Each structure stands twice: as C-alpha cells, then as structure tokens.
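Here is the structure we will look at.
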Amino acid sequence: MNDDGAYMLRELQSLDPTVRADILRVLDCVVRGLPAHWQRRKGVPQLMVFLDGPENVRMEKITLRELSGHGYLDEFSRWAASVPVSKAREHGCAALVHGNRIHARINRIGPIGSGWHSPDTFVCVRTVHRELRMHPSFSLKFDVEGRFFPRLVFHDWVFDTIARARQS
C-alpha cells in the first residue's frame with residue numbers, strides 16, 4: 001500500500017462505524033460509476049454523489065453554473081467543501097467529485113497545447129456527513145487504458161483500501 005492508501009485508510013478507520021459505512025458506500029459508488037461518466041477530452045466531470053435511502057446511492061452531474069451559486073469559481077478551492085453540505089443534511093452523506101484540473105476548466109485556459117488540454121490525473125472526492133464536523137477529502141488516482149477506446153481505471157490500491165476499511 002502506498003502513502004495515499006495508508007492516509008485514506010487511517011482517515012476511514014478513525015471514523016465512527018456507521019459514518020464510515022455511509023462514506024464507504026459513497027466512495028464505492030464513485031469508484032464503480034465514475035468510469036462511465038469520464039471522457040478523454042472533457043476529463044472527470046463534476047458530480048454530486050449522495051445516499052438515496054438505506055440501500056441506494058445516486059450520482060448526478062453538477063454544472064459549473066450550479067457550483068457558482070456557492071461562491072466565486074476562481075476561489076473554488078476555498079468553498080468546494082461546502083457544496084455537498086445541503087445534500088448531506090437532507091440525505092445523511094454526500095460528496096462532491098471533480099478532477100484535479102477543474103481550475104483549468106473554470107478559467108478556460110487555452111489555446112490548444114496549453115494546460116487546458118492536460119488530462120486529469122486523480123479524482124478529488126470531498127465528503128460530508130451530517131454527523132461529522134470535519135469533512136474528509138480523498139484523492140483517488142487513476143490511469144487511462146486503451147488507445148482507441150480509452151477508459152478510466154483506478155489504481156489497485158484504491159480498491160484494496162476501500163475493502164480494508166470495510167473490514168475494520
């Protein structure tokens with residue numbers, strides 16, 4: 001296990017078991033569902049993932065326009081953790097999911113060949129649970145496999161860490 005996996009495991013193990021179970025359900029949905037939403041040119045989309053009842057977890061796209069209702073987009077890193085708070089109050093647990101290159105998309109840094117076209121290298125998952133004061137954030141690294149039919153594939157440590165956290 002690498003440093004990222006060890007950090008993620010420590011964070012998850014420090015949580016109350018019921019809170020950990022909810023956050024693991026959200027993380028599991030991100031890991032299973034994100035590859036279907038990912039596109040090579042557009043990268044990782046902004047997604048809101050939240051609990052929908054005792055068994056289901058929902059994943060919905062959220063636009064930059066919707067995000068701008070929470071604050072100025074050029075200060076995204078300051079207020080991004082507050083975005084899923086309203087969903088967490090209503091549903092118990094929620095997460096904002098985005099790629100690490102979201103600032104380039106917000107600022108539309110161009111022209112071709114510039115940073116705007118650099119691909120995401122990891123997924124940021126900002127979780128909120130209504131029973132927690134601190135909101136844990138996780139970075140899940142991935143690779144792109146396939147040249148003609150590319151697909152997003154998470155590193156093995158992501159799956160291993162979630163499985164180990166579920167067992168503890």
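Naming scheme: A, B, ... for chains in displayed order of the structure tokens; residues 1 onward per chain; ligands 1 onward as shown.
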Find the spatial neighbours of region 61-73 of chain A, counting only C-alpha atoms, within a cut-off of 8 Å - ignore same-chain residues fewer than 6 positions away - and output them as a compact mmCIF listing (two decimals) with C-alpha atoms, in the first residue's frame.
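This is the output file result.txt:
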# COMPACT_ATOMS: atom_id res chain seq x y z
CA PRO A 45 -16.98 15.76 -14.72
CA GLN A 46 -18.27 17.49 -11.61
CA LEU A 47 -20.58 15.06 -9.84
CA MET A 48 -22.68 15.08 -6.70
CA TRP A 79 -15.51 26.84 -0.67
CA SER A 82 -19.29 23.41 1.48
CA VAL A 83 -21.05 22.34 -1.74
CA ILE A 106 -13.23 27.00 -14.84
Contact residues around Leu27 (chain A) with only C-alpha atoms at 10 Å, ignoring same-chain residues under 3 positions, as a ChimeraX atom specification: /A:21-24,30-33,49-50,57,94-95,97,125,127,138,140,158-159,162
Nearest residue to Gly146 (chain A) from the set A:Asn100, A:Glu90, A:Arg164, A:Arg40 (distances using only C-alpha atoms): A:Arg40
Which of A:Met1, A:Ile102, A:Cys29, A:Ala36 sits closest to Leu152 (chain A) [using only C-alpha atoms]: A:Ala36
Backbone-only DSSP, alpha helix (DSSP H) members of region 8-148 of chain A, as a PyMOL selection string: chain A and resi 8-13+17-37+64-68+76-79+85-91+102-107
Please save C-alpha atoms of the selected residues as a CSV table (one decimal), in the first residue's frame.
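Final output, result_15.csv:
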chain,number,residue,atom,x,y,z
A,8,MET,CA,-7.1,7.1,3.2
A,9,LEU,CA,-7.2,4.0,5.4
A,10,ARG,CA,-6.3,6.0,8.6
A,11,GLU,CA,-8.9,8.6,7.8
A,12,LEU,CA,-11.6,6.0,7.3
A,13,GLN,CA,-10.6,3.9,10.3
A,17,PRO,CA,-18.5,2.7,12.1
A,18,THR,CA,-21.9,4.0,10.9
A,19,VAL,CA,-20.4,7.1,9.4
A,20,ARG,CA,-17.6,5.0,7.9
A,21,ALA,CA,-20.2,2.7,6.3
A,22,ASP,CA,-22.0,5.7,4.7
A,23,ILE,CA,-18.8,7.2,3.4
A,24,LEU,CA,-17.7,3.9,2.0
A,25,ARG,CA,-21.0,3.5,0.2
A,26,VAL,CA,-20.4,6.9,-1.4
A,27,LEU,CA,-16.8,6.1,-2.3
A,28,ASP,CA,-17.8,2.7,-3.7
A,29,CYS,CA,-20.3,4.5,-6.0
A,30,VAL,CA,-17.6,6.9,-7.1
A,31,VAL,CA,-15.2,4.1,-8.0
A,32,ARG,CA,-17.8,2.0,-9.8
A,33,GLY,CA,-19.7,4.8,-11.5
A,34,LEU,CA,-17.1,7.4,-12.5
A,35,PRO,CA,-15.6,5.4,-15.4
A,36,ALA,CA,-19.0,5.6,-17.2
A,37,HIS,CA,-19.0,9.5,-16.9
A,64,LEU,CA,-20.2,25.0,-13.2
A,65,ARG,CA,-23.3,27.3,-13.2
A,66,GLU,CA,-24.7,25.3,-10.2
A,67,LEU,CA,-21.4,25.4,-8.5
A,68,SER,CA,-21.1,29.2,-8.9
A,76,PHE,CA,-13.2,27.2,-5.9
A,77,SER,CA,-10.7,25.6,-3.5
A,78,ARG,CA,-11.8,27.8,-0.6
A,79,TRP,CA,-15.5,26.8,-0.7
A,85,VAL,CA,-23.4,20.2,2.9
A,86,SER,CA,-27.0,20.8,1.9
A,87,LYS,CA,-27.3,17.3,0.3
A,88,ALA,CA,-25.7,15.8,3.4
A,89,ARG,CA,-28.2,17.5,5.7
A,90,GLU,CA,-31.0,16.0,3.6
A,91,HIS,CA,-29.6,12.6,2.7
A,102,ILE,CA,-11.0,21.7,-12.6
A,103,HIS,CA,-9.3,25.1,-12.3
A,104,ALA,CA,-8.2,24.9,-16.0
A,105,ARG,CA,-11.8,24.2,-16.9
A,106,ILE,CA,-13.2,27.0,-14.8
A,107,ASN,CA,-10.8,29.6,-16.2
Distance criterion (only C-alpha atoms): nearest to Met134 (chain A) out of A:Asn2, A:Ser14, A:Thr121, A:Gln39: A:Ser14
For Val44 (chain A): contacts at 6 Å, only C-alpha atoms, fewer than 6 positions along chain excluded, given as an MDAnalysis selection string: chainID A and resid 38 98:99
Output file for the residues above (N, CA and C atoms, as a CSV table (one decimal), in the first residue's frame):
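For reference, selection.csv as written:
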chain,number,residue,atom,x,y,z
A,38,TRP,N,-16.6,9.5,-17.3
A,38,TRP,CA,-15.4,10.1,-17.7
A,38,TRP,C,-15.3,10.1,-19.3
A,98,HIS,N,-14.7,15.8,-8.4
A,98,HIS,CA,-14.2,16.5,-9.6
A,98,HIS,C,-12.8,16.1,-9.8
A,99,GLY,N,-12.3,16.4,-11.0
A,99,GLY,CA,-10.9,16.1,-11.4
A,99,GLY,C,-9.9,17.2,-10.8
Expected answer as a PyMOL selection string: strand (DSSP E) residues in chain A: chain A and resi 47-52+56-61+93-99+122-129+137-145+151-154
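Reported to one decimal place, the separation of CA of Gly92 (chain A) from CA of Ala6 (chain A) is 25.9 Å.
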One-decimal distance in Å that lies between CA of Gly5 (chain A) and CA of Pro119 (chain A): 22.1 Å
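CA of Cys93 (chain A) is positioned 5.7 Å from CA of Val128 (chain A).
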Among listed residues A:Pro150, A:Gly53, A:Gly43, A:Pro84, nearest Leu96 (chain A) (using only C-alpha atoms): A:Pro84
